[in-house]
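Visitor: Sending over a structure as structure tokens; questions will come in a sec.
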Amino acid sequence: MPNGATTRCDFGISSVGEPLFVPRSPAAPEDDGWLLFLNHELVENRSQLVILDARDLERGPLATAWLEHQVPWGFHGTFTHRIAEPKSPIPEPDDLPGR
């Protein structure tokens, strides 16, 4: 996509949570994979898991999984290596960037 270009996918009256990027393979380019996120559909007060192709957001969802209830928003930062790579070591607080 050209620098500065904008793309969108409209979910109507809803509140979309922070997406999680899942690469297609360990060696995939940074945009080759899927975006997963929870969408809180405000009219029905239900949540759905939405999966988008990271390279083609305007196509809309590749898949959705509706839940019978609303899922509360989680804590910001579920993109850490510890979540993405569960076997990675847990860093010591003094080893974190900015310390």
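Identifiers in the structure tokens: chain A, B, ... in order shown; residue index from 1 per chain; ligand index from 1 in order shown.
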At a cut-off of 10 Å, using only C-alpha atoms, what residues contact Gly17 of chain A? Leave out same-chain residues fewer than 6 positions from it and give the result as a list of chain:residue names.
Guide: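 That gives A:Leu36, A:Phe37, A:Leu38, A:Asn39, A:His40, A:Leu49, A:Pro72, A:Trp73, A:Gly74, A:His76.
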Visitor: Keeping C-alpha atoms, export the residues of the selection given above as a PDB file, in the first residue's frame.
Guide:
ATOM      1  CA  LEU A  36      -7.834 -10.991  14.877  1.00  0.00           C
ATOM      2  CA  PHE A  37      -9.923  -8.810  17.158  1.00  0.00           C
ATOM      3  CA  LEU A  38     -13.048  -8.710  19.248  1.00  0.00           C
ATOM      4  CA  ASN A  39     -15.863  -6.535  17.975  1.00  0.00           C
ATOM      5  CA  HIS A  40     -18.545  -5.495  20.482  1.00  0.00           C
ATOM      6  CA  LEU A  49     -14.211 -12.679  16.988  1.00  0.00           C
ATOM      7  CA  PRO A  72     -15.139  -7.273  28.453  1.00  0.00           C
ATOM      8  CA  TRP A  73     -12.121  -5.487  27.003  1.00  0.00           C
ATOM      9  CA  GLY A  74      -8.765  -6.895  28.041  1.00  0.00           C
ATOM     10  CA  HIS A  76      -3.639  -3.289  26.466  1.00  0.00           C
TER      11      HIS A  76
END
Visitor: When you look at Asn45 of chain A with a cut-off of 10 Å (counting only C-alpha atoms), what residues show up, excluding the ones that are within fewer than 3 positions of it in the same chain? I need them as a list in words.
Guide: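 After dropping sequence-adjacent residues, the list is Ser14, His40, Glu41, Leu42, Glu68, His69, Gln70 and Val71 of chain A.
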Visitor: Can you tell me which residues surround Trp66 of chain A at a distance of at most 8 Å, considering only C-alpha atoms, apart from same-chain residues fewer than 3 positions away, and format the answer as a PyMOL selection string?
Guide: chain A and resi 46-49
Visitor: Can you spit out the residues from that selection as an mmCIF file, in the first residue's frame, using N, CA and C atoms?
Guide:
data_model
loop_
_atom_site.group_PDB
_atom_site.id
_atom_site.type_symbol
_atom_site.label_atom_id
_atom_site.label_comp_id
_atom_site.auth_asym_id
_atom_site.auth_seq_id
_atom_site.Cartn_x
_atom_site.Cartn_y
_atom_site.Cartn_z
ATOM 1 N N ARG A 46 -23.460 -7.932 21.987
ATOM 2 C CA ARG A 46 -22.776 -9.216 21.809
ATOM 3 C C ARG A 46 -21.404 -8.953 21.206
ATOM 4 N N SER A 47 -20.506 -9.901 21.421
ATOM 5 C CA SER A 47 -19.170 -9.803 20.838
ATOM 6 C C SER A 47 -19.003 -10.854 19.758
ATOM 7 N N GLN A 48 -18.076 -10.554 18.870
ATOM 8 C CA GLN A 48 -17.709 -11.519 17.851
ATOM 9 C C GLN A 48 -16.199 -11.462 17.659
ATOM 10 N N LEU A 49 -15.607 -12.616 17.391
ATOM 11 C CA LEU A 49 -14.211 -12.679 16.988
ATOM 12 C C LEU A 49 -14.197 -12.483 15.486
#
Visitor: In Å, how far is it from atom CA of Val50 of chain A to atom CA of Ala65 of chain A?
Guide: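 A separation of 6.7 Å between them.
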Visitor: I'd like the interatomic distance between atom CA of Asn3 of chain A and atom CA of Leu52 of chain A, to a tenth of an Å.
Guide: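 So the answer is 20.8 Å.
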Visitor: Nearest to Pro61 of chain A among A:Val43, A:Ala28, A:Leu20, A:Leu35, with distances taken over only C-alpha atoms: which residue is it?
Guide: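 Closest to Pro61 of chain A of all the choices is A:Leu35.
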Visitor: I need the residue nearest Leu62 of chain A from this list: A:Trp34, A:Arg24, A:Ile13, A:Glu44. Use only C-alpha atoms for the distance.
Guide: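 Smallest separation from Leu62 of chain A among the options: A:Trp34.
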Visitor: Compile the contact shell of Asp56 of chain A as a PyMOL selection string: residues with an atom at most 10 Å away, counting only C-alpha atoms, same-chain residues fewer than 5 positions apart removed.
Guide: chain A and resi 1+7-9+31-32+34+61
Visitor: One number please: atom CA of Gly33 of chain A to atom CA of Gly12 of chain A, in Å, one decimal.
Guide: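 Here the two named atoms are 24.3 Å from each other.
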